[in-house]
Amino acid sequence: MKPKVVVAYNKVSPRVLDFLSESCEVTNFERLDTESLPSFYETLRDAQGLLTSGVKVDSALLDQAPDLKIVSNIAVGYDNFQIPELSKRKIMATNTPGVLNDTVADTVMGLILAAARRIPELNQYVKRGQWNADDGVNLYGTDVHHKVLGIIGMGGIGTAVAKRAHFGFDMPILYHNRSRHVEAEQTLNAVYCSLEELCKQSDFVVLLTPLTPQTVKLIGEKHFNWMKNSGIFINASRGATVDEAALIQALENKEILAAGLDVFEQEPVSPDNKLLTMDNVVAVPHIGSATHETRLKMAMLAAENLVSGLQGKMPPNMINREAFENLL
Ligand code: DGY
């Protein structure tokens, strides 16, 4: 008998569903809302696998899924998973590192360029017919090339950003990370420094750290004070890694020049959020990895992780490996 798998992801590709269906009995929930939720929980009751992106997998959900063997996230970040709870219940957890690095790095460069050169704001000028509204100086932006880039979180995505900045934009790179990244130091001249030094010396501060209990509100008032008044802050990690009230204050008080944000404390972001009223904030709806090609790769990798776990093998991208080392 094929194992039962629940897919909770909007618009998963038919290719991924076909792959899963070869070895699993699949039920697909494109949307979880008040209408579909009872049926989702009903289907989870005897499911062995759950493939999802961003659905909160905590004890409340796991209590409804007593047969679950593996949860597979279609994302590299897995702050939606309660890992200790999953390990305690001997449920494998997997994610999708690597395949999205270049795409997210492209998004980060896009946010840097958009914020520094004020592209969304000036796009509005042109579309409103205000091309000649002033003498032009008010439309000037700030250079990106040769400016100092500070990267907080030098993993695969951070390295891909550093590569673009170093080779493409001649930017000196500073970085802060849990551990030293010798290769980035050797090949990209990246310089390791404290968070304080990074904030003080960088023209662009890019936050890429995963959300963990240790990184909640990692960046707050103190860091924005350290930053240059001409500094631009980019967040492509998770909204909760930043004290959003402090960011709003820093922008209002002109302690920093601008921000480029892919993520927000609350998502979808509230239309009342003050950040959305500021011309010097470029906001996109958590689309760091959202291209057709990369989202397909991520979903396929997540499906492969899921299938190998259900086949009794160690999935290639297992998060809670320690809990299983002696079991598989
Ligand atoms: C991730 O993979 O964690 C991204 O944030 C999803 O777009």
# chains A, B, ... in the order shown; residues from 1 in each chain; ligands from 1

call {"tool": "residues_around", "arguments": {"residues": "Ala93 of chain A", "least_positions_apart": "2", "cutoff": "9 Å", "atoms": "only C-alpha atoms", "output": "number ranges by chain"}}
result
A: 69-73, 78, 81, 83, 86-87, 91, 95, 306, 315, 317-321

call {"tool": "select_by_dssp", "arguments": {"residues": "segment 26-234 of chain A", "states": "strand (DSSP E)", "output": "CSV table (one decimal) with all heavy atoms, in the first residue's frame"}}
result
chain,number,residue,atom,x,y,z
A,26,VAL,N,-1.6,10.8,-2.9
A,26,VAL,CA,-1.4,12.2,-2.6
A,26,VAL,C,-2.7,13.0,-2.5
A,26,VAL,O,-3.6,12.8,-3.3
A,26,VAL,CB,-0.6,12.9,-3.7
A,26,VAL,CG1,-0.4,14.4,-3.4
A,26,VAL,CG2,0.7,12.2,-3.9
A,27,THR,N,-2.9,13.8,-1.4
A,27,THR,CA,-4.0,14.7,-1.4
A,27,THR,C,-3.5,16.1,-1.4
A,27,THR,O,-2.6,16.4,-0.5
A,27,THR,CB,-4.9,14.5,-0.1
A,27,THR,OG1,-5.2,13.1,0.0
A,27,THR,CG2,-6.2,15.3,-0.2
A,28,ASN,N,-4.0,16.9,-2.3
A,28,ASN,CA,-3.4,18.3,-2.5
A,28,ASN,C,-4.3,19.4,-2.0
A,28,ASN,O,-5.5,19.4,-2.4
A,28,ASN,CB,-3.1,18.4,-4.0
A,28,ASN,CG,-2.5,19.8,-4.3
A,28,ASN,OD1,-1.9,20.4,-3.4
A,28,ASN,ND2,-2.5,20.2,-5.5
A,29,PHE,N,-3.9,20.2,-1.0
A,29,PHE,CA,-4.6,21.4,-0.6
A,29,PHE,C,-3.9,22.6,-1.1
A,29,PHE,O,-2.9,23.0,-0.5
A,29,PHE,CB,-4.7,21.4,0.9
A,29,PHE,CG,-5.6,20.3,1.5
A,29,PHE,CD1,-5.0,19.0,1.7
A,29,PHE,CD2,-6.9,20.5,1.7
A,29,PHE,CE1,-5.8,18.0,2.2
A,29,PHE,CE2,-7.7,19.4,2.2
A,29,PHE,CZ,-7.1,18.2,2.5
A,49,GLY,N,3.2,11.5,5.4
A,49,GLY,CA,4.0,12.6,4.9
A,49,GLY,C,3.3,13.9,4.8
A,49,GLY,O,2.1,13.9,4.4
A,50,LEU,N,3.9,15.0,5.0
A,50,LEU,CA,3.3,16.4,4.8
A,50,LEU,C,4.4,17.2,4.0
A,50,LEU,O,5.5,17.4,4.5
A,50,LEU,CB,3.0,17.0,6.1
A,50,LEU,CG,2.6,18.5,6.1
A,50,LEU,CD1,1.3,18.7,5.3
A,50,LEU,CD2,2.4,19.1,7.5
A,51,LEU,N,3.9,17.7,2.9
A,51,LEU,CA,4.8,18.6,2.1
A,51,LEU,C,4.2,20.0,2.1
A,51,LEU,O,3.0,20.1,1.7
A,51,LEU,CB,4.8,18.1,0.6
A,51,LEU,CG,5.7,18.8,-0.3
A,51,LEU,CD1,7.1,18.4,-0.2
A,51,LEU,CD2,5.3,18.6,-1.8
A,52,THR,N,4.9,21.0,2.6
A,52,THR,CA,4.3,22.3,2.8
A,52,THR,C,5.3,23.4,2.6
A,52,THR,O,6.5,23.1,2.5
A,52,THR,CB,3.6,22.4,4.1
A,52,THR,OG1,3.0,23.6,4.3
A,52,THR,CG2,4.6,22.2,5.3
A,70,ILE,N,7.3,12.2,8.2
A,70,ILE,CA,8.2,13.2,7.7
A,70,ILE,C,7.4,14.5,7.3
A,70,ILE,O,6.3,14.4,6.8
A,70,ILE,CB,9.0,12.7,6.5
A,70,ILE,CG1,10.0,13.8,5.9
A,70,ILE,CG2,8.1,12.1,5.4
A,70,ILE,CD1,11.0,13.2,5.0
A,71,VAL,N,8.0,15.6,7.6
A,71,VAL,CA,7.4,16.9,7.1
A,71,VAL,C,8.5,17.6,6.3
A,71,VAL,O,9.7,17.6,6.7
A,71,VAL,CB,7.0,17.8,8.3
A,71,VAL,CG1,5.7,17.3,9.0
A,71,VAL,CG2,8.0,18.1,9.3
A,72,SER,N,8.2,18.0,5.1
A,72,SER,CA,9.1,18.5,4.2
A,72,SER,C,8.7,19.9,3.8
A,72,SER,O,7.6,20.2,3.3
A,72,SER,CB,9.1,17.6,2.9
A,72,SER,OG,10.0,18.1,2.0
A,73,ASN,N,9.6,20.9,4.1
A,73,ASN,CA,9.3,22.3,3.8
A,73,ASN,C,9.9,22.7,2.5
A,73,ASN,O,11.0,22.3,2.1
A,73,ASN,CB,10.1,23.1,4.9
A,73,ASN,CG,9.3,24.3,5.3
A,73,ASN,OD1,8.0,24.3,5.2
A,73,ASN,ND2,9.9,25.4,5.8
A,92,MET,N,10.8,13.1,10.9
A,92,MET,CA,11.9,13.7,10.2
A,92,MET,C,11.4,15.1,9.7
A,92,MET,O,10.2,15.2,9.3
A,92,MET,CB,12.3,12.9,9.0
A,92,MET,CG,12.9,11.6,9.4
A,92,MET,SD,13.3,10.6,7.9
A,92,MET,CE,11.9,9.5,7.9
A,93,ALA,N,12.3,16.0,9.6
A,93,ALA,CA,12.0,17.4,9.0
A,93,ALA,C,13.1,17.7,8.0
A,93,ALA,O,14.3,17.4,8.2
A,93,ALA,CB,12.1,18.4,10.1
A,94,THR,N,12.7,18.2,6.8
A,94,THR,CA,13.6,18.5,5.8
A,94,THR,C,13.3,19.9,5.2
A,94,THR,O,12.2,20.4,5.3
A,94,THR,CB,13.6,17.5,4.6
A,94,THR,OG1,12.3,17.5,4.0
A,94,THR,CG2,13.9,16.1,5.1
A,149,LEU,N,29.6,46.8,1.4
A,149,LEU,CA,28.5,45.9,1.6
A,149,LEU,C,28.7,45.1,2.9
A,149,LEU,O,29.7,44.4,3.0
A,149,LEU,CB,28.3,45.0,0.4
A,149,LEU,CG,27.2,43.9,0.5
A,149,LEU,CD1,25.8,44.6,0.6
A,149,LEU,CD2,27.2,43.0,-0.6
A,150,GLY,N,27.8,45.2,3.8
A,150,GLY,CA,27.9,44.3,5.0
A,150,GLY,C,26.8,43.2,5.0
A,150,GLY,O,25.7,43.5,4.9
A,151,ILE,N,27.3,42.0,5.1
A,151,ILE,CA,26.4,40.9,5.1
A,151,ILE,C,26.3,40.2,6.4
A,151,ILE,O,27.3,39.7,6.9
A,151,ILE,CB,26.8,39.9,4.0
A,151,ILE,CG1,26.8,40.5,2.6
A,151,ILE,CG2,25.9,38.6,4.0
A,151,ILE,CD1,27.4,39.6,1.5
A,152,ILE,N,25.1,40.2,7.0
A,152,ILE,CA,24.9,39.5,8.2
A,152,ILE,C,24.3,38.1,7.9
A,152,ILE,O,23.1,38.0,7.5
A,152,ILE,CB,24.0,40.3,9.2
A,152,ILE,CG1,24.5,41.7,9.4
A,152,ILE,CG2,23.8,39.6,10.5
A,152,ILE,CD1,23.6,42.7,10.0
A,173,ILE,N,33.6,43.8,0.8
A,173,ILE,CA,32.6,43.0,1.5
A,173,ILE,C,33.0,42.9,3.0
A,173,ILE,O,34.1,42.4,3.3
A,173,ILE,CB,32.4,41.6,1.0
A,173,ILE,CG1,32.3,41.6,-0.6
A,173,ILE,CG2,31.3,40.8,1.7
A,173,ILE,CD1,31.0,42.0,-1.1
A,174,LEU,N,32.1,43.2,3.9
A,174,LEU,CA,32.3,42.9,5.3
A,174,LEU,C,31.2,41.8,5.6
A,174,LEU,O,30.2,41.8,5.0
A,174,LEU,CB,32.0,44.1,6.2
A,174,LEU,CG,32.9,45.3,6.0
A,174,LEU,CD1,32.5,46.5,6.9
A,174,LEU,CD2,34.4,45.0,6.2
A,175,TYR,N,31.5,40.9,6.6
A,175,TYR,CA,30.5,40.0,7.0
A,175,TYR,C,30.5,39.6,8.4
A,175,TYR,O,31.6,39.8,9.1
A,175,TYR,CB,30.5,38.7,6.1
A,175,TYR,CG,31.6,37.7,6.5
A,175,TYR,CD1,31.3,36.6,7.2
A,175,TYR,CD2,32.9,37.9,6.1
A,175,TYR,CE1,32.3,35.7,7.6
A,175,TYR,CE2,33.9,37.0,6.4
A,175,TYR,CZ,33.6,35.9,7.2
A,175,TYR,OH,34.5,35.0,7.5
A,176,HIS,N,29.4,39.2,8.9
A,176,HIS,CA,29.3,38.8,10.3
A,176,HIS,C,28.5,37.4,10.3
A,176,HIS,O,27.5,37.3,9.6
A,176,HIS,CB,28.5,39.8,11.2
A,176,HIS,CG,28.5,39.4,12.6
A,176,HIS,ND1,29.6,39.5,13.5
A,176,HIS,CD2,27.5,38.7,13.3
A,176,HIS,CE1,29.2,39.0,14.6
A,176,HIS,NE2,28.0,38.5,14.6
A,191,VAL,N,35.7,40.4,4.6
A,191,VAL,CA,36.4,40.6,5.9
A,191,VAL,C,35.4,40.3,7.0
A,191,VAL,O,34.3,41.0,7.1
A,191,VAL,CB,36.9,42.1,6.0
A,191,VAL,CG1,37.5,42.3,7.3
A,191,VAL,CG2,37.9,42.3,4.8
A,192,TYR,N,35.8,39.4,7.9
A,192,TYR,CA,34.9,39.1,9.1
A,192,TYR,C,35.0,40.3,10.1
A,192,TYR,O,36.1,40.8,10.4
A,192,TYR,CB,35.4,37.8,9.7
A,192,TYR,CG,34.6,37.5,10.9
A,192,TYR,CD1,33.4,36.8,10.8
A,192,TYR,CD2,35.0,37.8,12.2
A,192,TYR,CE1,32.6,36.4,11.9
A,192,TYR,CE2,34.2,37.5,13.3
A,192,TYR,CZ,33.1,36.8,13.1
A,192,TYR,OH,32.3,36.5,14.2
A,204,PHE,N,25.7,49.5,2.8
A,204,PHE,CA,24.5,48.7,2.7
A,204,PHE,C,24.6,47.5,3.7
A,204,PHE,O,25.7,46.8,3.8
A,204,PHE,CB,24.4,48.0,1.3
A,204,PHE,CG,24.3,49.1,0.2
A,204,PHE,CD1,25.4,49.6,-0.4
A,204,PHE,CD2,23.0,49.5,-0.2
A,204,PHE,CE1,25.2,50.6,-1.4
A,204,PHE,CE2,22.9,50.5,-1.1
A,204,PHE,CZ,24.0,51.0,-1.8
A,205,VAL,N,23.6,47.4,4.6
A,205,VAL,CA,23.6,46.3,5.5
A,205,VAL,C,22.5,45.3,5.1
A,205,VAL,O,21.4,45.7,5.0
A,205,VAL,CB,23.3,46.8,7.0
A,205,VAL,CG1,23.1,45.7,7.9
A,205,VAL,CG2,24.5,47.7,7.4
A,206,VAL,N,23.0,44.1,4.8
A,206,VAL,CA,22.0,43.1,4.3
A,206,VAL,C,21.8,42.0,5.3
A,206,VAL,O,22.8,41.3,5.7
A,206,VAL,CB,22.5,42.5,3.0
A,206,VAL,CG1,21.6,41.3,2.5
A,206,VAL,CG2,22.6,43.5,1.9
A,207,LEU,N,20.6,41.8,5.7
A,207,LEU,CA,20.3,40.8,6.8
A,207,LEU,C,19.8,39.5,6.1
A,207,LEU,O,18.8,39.5,5.4
A,207,LEU,CB,19.3,41.3,7.7
A,207,LEU,CG,19.0,40.5,9.0
A,207,LEU,CD1,20.2,40.2,9.8
A,207,LEU,CD2,17.9,41.2,9.8
A,232,ILE,N,21.8,52.1,3.9
A,232,ILE,CA,20.6,51.4,3.4
A,232,ILE,C,20.5,50.0,4.0
A,232,ILE,O,21.5,49.3,3.9
A,232,ILE,CB,20.6,51.4,1.9
A,232,ILE,CG1,20.5,52.9,1.3
A,232,ILE,CG2,19.4,50.6,1.3
A,232,ILE,CD1,20.4,53.0,-0.2
A,233,PHE,N,19.4,49.7,4.6
A,233,PHE,CA,19.2,48.4,5.2
A,233,PHE,C,18.3,47.5,4.4
A,233,PHE,O,17.2,47.9,3.9
A,233,PHE,CB,18.5,48.7,6.6
A,233,PHE,CG,18.2,47.4,7.3
A,233,PHE,CD1,19.2,46.6,7.9
A,233,PHE,CD2,16.8,47.0,7.4
A,233,PHE,CE1,18.9,45.4,8.5
A,233,PHE,CE2,16.5,45.8,8.1
A,233,PHE,CZ,17.5,45.0,8.6
A,234,ILE,N,18.8,46.3,4.2
A,234,ILE,CA,18.0,45.3,3.4
A,234,ILE,C,17.7,44.1,4.2
A,234,ILE,O,18.6,43.5,4.9
A,234,ILE,CB,18.9,44.8,2.1
A,234,ILE,CG1,19.4,46.0,1.3
A,234,ILE,CG2,18.1,43.8,1.3
A,234,ILE,CD1,18.4,46.8,0.5

call {"tool": "residues_near_ligand", "arguments": {"ligand": "ligand 1", "cutoff": "7 Å", "atoms": "only C-alpha atoms and all ligand atoms", "output": "PDB file with N, CA, C and O atoms, in the first residue's frame"}}
result
ATOM      1  N   ILE A  74       9.032  23.385   1.702  1.00  0.00           N
ATOM      2  CA  ILE A  74       9.486  23.910   0.409  1.00  0.00           C
ATOM      3  C   ILE A  74      10.049  25.302   0.683  1.00  0.00           C
ATOM      4  O   ILE A  74       9.490  26.330   0.300  1.00  0.00           O
ATOM      5  N   ALA A  75      11.155  25.349   1.372  1.00  0.00           N
ATOM      6  CA  ALA A  75      11.826  26.595   1.759  1.00  0.00           C
ATOM      7  C   ALA A  75      13.134  26.199   2.427  1.00  0.00           C
ATOM      8  O   ALA A  75      13.249  25.082   2.946  1.00  0.00           O
ATOM      9  N   VAL A  76      14.069  27.124   2.425  1.00  0.00           N
ATOM     10  CA  VAL A  76      15.306  26.831   3.163  1.00  0.00           C
ATOM     11  C   VAL A  76      15.105  27.161   4.639  1.00  0.00           C
ATOM     12  O   VAL A  76      15.559  26.439   5.517  1.00  0.00           O
ATOM     13  N   GLY A  77      14.377  28.255   4.923  1.00  0.00           N
ATOM     14  CA  GLY A  77      14.077  28.616   6.311  1.00  0.00           C
ATOM     15  C   GLY A  77      13.025  27.664   6.849  1.00  0.00           C
ATOM     16  O   GLY A  77      12.101  27.289   6.135  1.00  0.00           O
ATOM     17  N   TYR A  78      13.175  27.280   8.103  1.00  0.00           N
ATOM     18  CA  TYR A  78      12.191  26.327   8.655  1.00  0.00           C
ATOM     19  C   TYR A  78      11.727  26.778  10.041  1.00  0.00           C
ATOM     20  O   TYR A  78      11.452  25.965  10.917  1.00  0.00           O
ATOM     21  N   THR A  96      14.958  22.928   1.851  1.00  0.00           N
ATOM     22  CA  THR A  96      15.488  22.958   0.471  1.00  0.00           C
ATOM     23  C   THR A  96      16.648  23.951   0.313  1.00  0.00           C
ATOM     24  O   THR A  96      16.513  24.966  -0.379  1.00  0.00           O
ATOM     25  N   SER A 237      15.684  38.049   5.225  1.00  0.00           N
ATOM     26  CA  SER A 237      15.702  36.853   6.083  1.00  0.00           C
ATOM     27  C   SER A 237      14.277  36.534   6.526  1.00  0.00           C
ATOM     28  O   SER A 237      13.521  35.885   5.787  1.00  0.00           O
ATOM     29  N   HIS A 286       7.687  39.021   0.156  1.00  0.00           N
ATOM     30  CA  HIS A 286       8.418  37.780   0.470  1.00  0.00           C
ATOM     31  C   HIS A 286       8.574  36.918  -0.791  1.00  0.00           C
ATOM     32  O   HIS A 286       8.085  35.792  -0.848  1.00  0.00           O
ATOM     33  N   ILE A 287       9.245  37.497  -1.794  1.00  0.00           N
ATOM     34  CA  ILE A 287       9.391  36.808  -3.077  1.00  0.00           C
ATOM     35  C   ILE A 287      10.857  36.474  -3.396  1.00  0.00           C
ATOM     36  O   ILE A 287      11.196  36.261  -4.551  1.00  0.00           O
ATOM     37  N   GLY A 288      11.681  36.430  -2.337  1.00  0.00           N
ATOM     38  CA  GLY A 288      13.112  36.212  -2.552  1.00  0.00           C
ATOM     39  C   GLY A 288      13.418  35.074  -3.515  1.00  0.00           C
ATOM     40  O   GLY A 288      14.245  35.196  -4.416  1.00  0.00           O
ATOM     41  N   SER A 289      12.738  33.960  -3.347  1.00  0.00           N
ATOM     42  CA  SER A 289      13.027  32.782  -4.184  1.00  0.00           C
ATOM     43  C   SER A 289      11.961  32.563  -5.254  1.00  0.00           C
ATOM     44  O   SER A 289      11.955  31.526  -5.920  1.00  0.00           O
ATOM     45  N   ALA A 290      11.060  33.546  -5.421  1.00  0.00           N
ATOM     46  CA  ALA A 290       9.867  33.293  -6.230  1.00  0.00           C
ATOM     47  C   ALA A 290      10.069  33.541  -7.728  1.00  0.00           C
ATOM     48  O   ALA A 290       9.627  34.550  -8.267  1.00  0.00           O
TER      49      ALA A 290
END

call {"tool": "closest_residue", "arguments": {"among": "A:Glu22, A:Asp102, A:Glu197, A:Asp243", "to": "Trp226 of chain A", "atoms": "only C-alpha atoms"}}
result
A:Glu197

call {"tool": "residues_around", "arguments": {"residues": "Leu61 of chain A", "least_positions_apart": "6", "cutoff": "12 Å", "atoms": "only C-alpha atoms", "output": "PyMOL selection string"}}
result
chain A and resi 37+40-42+44-45+50+55+68+71+80-82+85-86

call {"tool": "write_last_selection", "arguments": {"atoms": "N, CA, C and O atoms", "output": "PDB file, in the first residue's frame"}}
result
ATOM      1  N   LEU A  37      -9.845  23.720   5.931  1.00  0.00           N
ATOM      2  CA  LEU A  37      -9.111  23.274   7.113  1.00  0.00           C
ATOM      3  C   LEU A  37      -9.633  21.966   7.742  1.00  0.00           C
ATOM      4  O   LEU A  37      -8.842  21.060   8.036  1.00  0.00           O
ATOM      5  N   PHE A  40      -8.447  19.180   5.665  1.00  0.00           N
ATOM      6  CA  PHE A  40      -6.984  19.055   5.787  1.00  0.00           C
ATOM      7  C   PHE A  40      -6.644  18.227   7.032  1.00  0.00           C
ATOM      8  O   PHE A  40      -5.879  17.255   6.976  1.00  0.00           O
ATOM      9  N   TYR A  41      -7.229  18.588   8.163  1.00  0.00           N
ATOM     10  CA  TYR A  41      -6.933  17.856   9.401  1.00  0.00           C
ATOM     11  C   TYR A  41      -7.424  16.415   9.334  1.00  0.00           C
ATOM     12  O   TYR A  41      -6.776  15.491   9.806  1.00  0.00           O
ATOM     13  N   GLU A  42      -8.563  16.229   8.707  1.00  0.00           N
ATOM     14  CA  GLU A  42      -9.125  14.886   8.546  1.00  0.00           C
ATOM     15  C   GLU A  42      -8.156  14.008   7.740  1.00  0.00           C
ATOM     16  O   GLU A  42      -7.871  12.861   8.092  1.00  0.00           O
ATOM     17  N   LEU A  44      -4.953  14.537   7.348  1.00  0.00           N
ATOM     18  CA  LEU A  44      -3.686  14.369   8.076  1.00  0.00           C
ATOM     19  C   LEU A  44      -3.735  13.205   9.063  1.00  0.00           C
ATOM     20  O   LEU A  44      -2.696  12.641   9.406  1.00  0.00           O
ATOM     21  N   ARG A  45      -4.929  12.844   9.516  1.00  0.00           N
ATOM     22  CA  ARG A  45      -5.056  11.844  10.588  1.00  0.00           C
ATOM     23  C   ARG A  45      -4.334  10.540  10.284  1.00  0.00           C
ATOM     24  O   ARG A  45      -3.768   9.908  11.169  1.00  0.00           O
ATOM     25  N   LEU A  50       3.938  15.048   5.047  1.00  0.00           N
ATOM     26  CA  LEU A  50       3.347  16.365   4.803  1.00  0.00           C
ATOM     27  C   LEU A  50       4.359  17.213   4.046  1.00  0.00           C
ATOM     28  O   LEU A  50       5.508  17.365   4.481  1.00  0.00           O
ATOM     29  N   VAL A  55       3.516  26.408   6.466  1.00  0.00           N
ATOM     30  CA  VAL A  55       2.465  26.008   7.409  1.00  0.00           C
ATOM     31  C   VAL A  55       3.126  25.723   8.760  1.00  0.00           C
ATOM     32  O   VAL A  55       4.183  25.086   8.821  1.00  0.00           O
ATOM     33  N   LEU A  68       2.373  10.559  11.220  1.00  0.00           N
ATOM     34  CA  LEU A  68       3.349  11.310  10.418  1.00  0.00           C
ATOM     35  C   LEU A  68       4.783  10.823  10.643  1.00  0.00           C
ATOM     36  O   LEU A  68       5.219  10.628  11.774  1.00  0.00           O
ATOM     37  N   VAL A  71       7.997  15.632   7.637  1.00  0.00           N
ATOM     38  CA  VAL A  71       7.446  16.898   7.133  1.00  0.00           C
ATOM     39  C   VAL A  71       8.535  17.552   6.297  1.00  0.00           C
ATOM     40  O   VAL A  71       9.681  17.646   6.715  1.00  0.00           O
ATOM     41  N   ASN A  80       8.977  27.794  10.688  1.00  0.00           N
ATOM     42  CA  ASN A  80       7.593  27.338  10.865  1.00  0.00           C
ATOM     43  C   ASN A  80       7.532  25.935  11.465  1.00  0.00           C
ATOM     44  O   ASN A  80       6.458  25.441  11.798  1.00  0.00           O
ATOM     45  N   PHE A  81       8.676  25.268  11.607  1.00  0.00           N
ATOM     46  CA  PHE A  81       8.709  23.918  12.191  1.00  0.00           C
ATOM     47  C   PHE A  81       9.173  23.989  13.651  1.00  0.00           C
ATOM     48  O   PHE A  81      10.185  24.629  13.929  1.00  0.00           O
ATOM     49  N   GLN A  82       8.459  23.294  14.542  1.00  0.00           N
ATOM     50  CA  GLN A  82       8.928  23.160  15.927  1.00  0.00           C
ATOM     51  C   GLN A  82       9.836  21.930  15.969  1.00  0.00           C
ATOM     52  O   GLN A  82       9.365  20.791  16.178  1.00  0.00           O
ATOM     53  N   GLU A  85       9.968  19.412  18.981  1.00  0.00           N
ATOM     54  CA  GLU A  85       8.721  18.641  19.058  1.00  0.00           C
ATOM     55  C   GLU A  85       8.714  17.533  18.003  1.00  0.00           C
ATOM     56  O   GLU A  85       8.316  16.396  18.271  1.00  0.00           O
ATOM     57  N   LEU A  86       9.182  17.846  16.808  1.00  0.00           N
ATOM     58  CA  LEU A  86       9.249  16.850  15.733  1.00  0.00           C
ATOM     59  C   LEU A  86      10.224  15.743  16.116  1.00  0.00           C
ATOM     60  O   LEU A  86       9.924  14.545  15.967  1.00  0.00           O
TER      61      LEU A  86
END

call {"tool": "closest_residue", "arguments": {"among": "A:Val144, A:Met300, A:Val16, A:Ala133", "to": "Leu111 of chain A", "atoms": "only C-alpha atoms"}}
result
A:Val144

call {"tool": "residues_around", "arguments": {"residues": "Leu247 of chain A", "least_positions_apart": "5", "cutoff": "9 Å", "atoms": "only C-alpha atoms", "output": "list in words"}}
result
Ile219, Gly220, Glu221, Phe224, Val242, Glu252, Ile256, Ala259 and Leu275 of chain A

call {"tool": "atom_distance", "arguments": {"atom1": "atom CA of Thr142 of chain A", "atom2": "atom CA of Gly239 of chain A"}}
result
25.4 Å

call {"tool": "select_by_dssp", "arguments": {"residues": "segment 86-119 of chain A", "states": "alpha helix (DSSP H)", "output": "JSON, numbers by chain"}}
result
{"A": [86, 87, 88, 101, 102, 103, 104, 105, 106, 107, 108, 109, 110, 111, 112, 113, 114, 115, 116, 119]}

call {"tool": "closest_residue", "arguments": {"among": "A:Glu322, A:Asp143, A:Asp170, A:Asp106", "to": "Ile157 of chain A", "atoms": "only C-alpha atoms"}}
result
A:Asp106

call {"tool": "residues_around", "arguments": {"residues": "Lys200 of chain A", "least_positions_apart": "4", "cutoff": "8 Å", "atoms": "only C-alpha atoms", "output": "ChimeraX atom specification"}}
result
/A:196,226-228

call {"tool": "closest_residue", "arguments": {"among": "A:Arg295, A:Arg89, A:Arg238, A:His166", "to": "Phe264 of chain A", "atoms": "only C-alpha atoms"}}
result
A:Arg238

call {"tool": "atom_distance", "arguments": {"atom1": "atom CA of Ala240 of chain A", "atom2": "atom CA of Val281 of chain A"}}
result
17.5 Å

call {"tool": "closest_residue", "arguments": {"among": "A:Ala323, A:Ala65, A:Ala302, A:Leu261", "to": "Ser53 of chain A", "atoms": "only C-alpha atoms"}}
result
A:Ala302

call {"tool": "atom_distance", "arguments": {"atom1": "atom CA of Gly136 of chain A", "atom2": "atom CA of Ala116 of chain A"}}
result
16.0 Å

call {"tool": "closest_residue", "arguments": {"among": "A:Tyr140, A:Phe167, A:Phe19, A:Phe324", "to": "Ile119 of chain A", "atoms": "only C-alpha atoms"}}
result
A:Tyr140
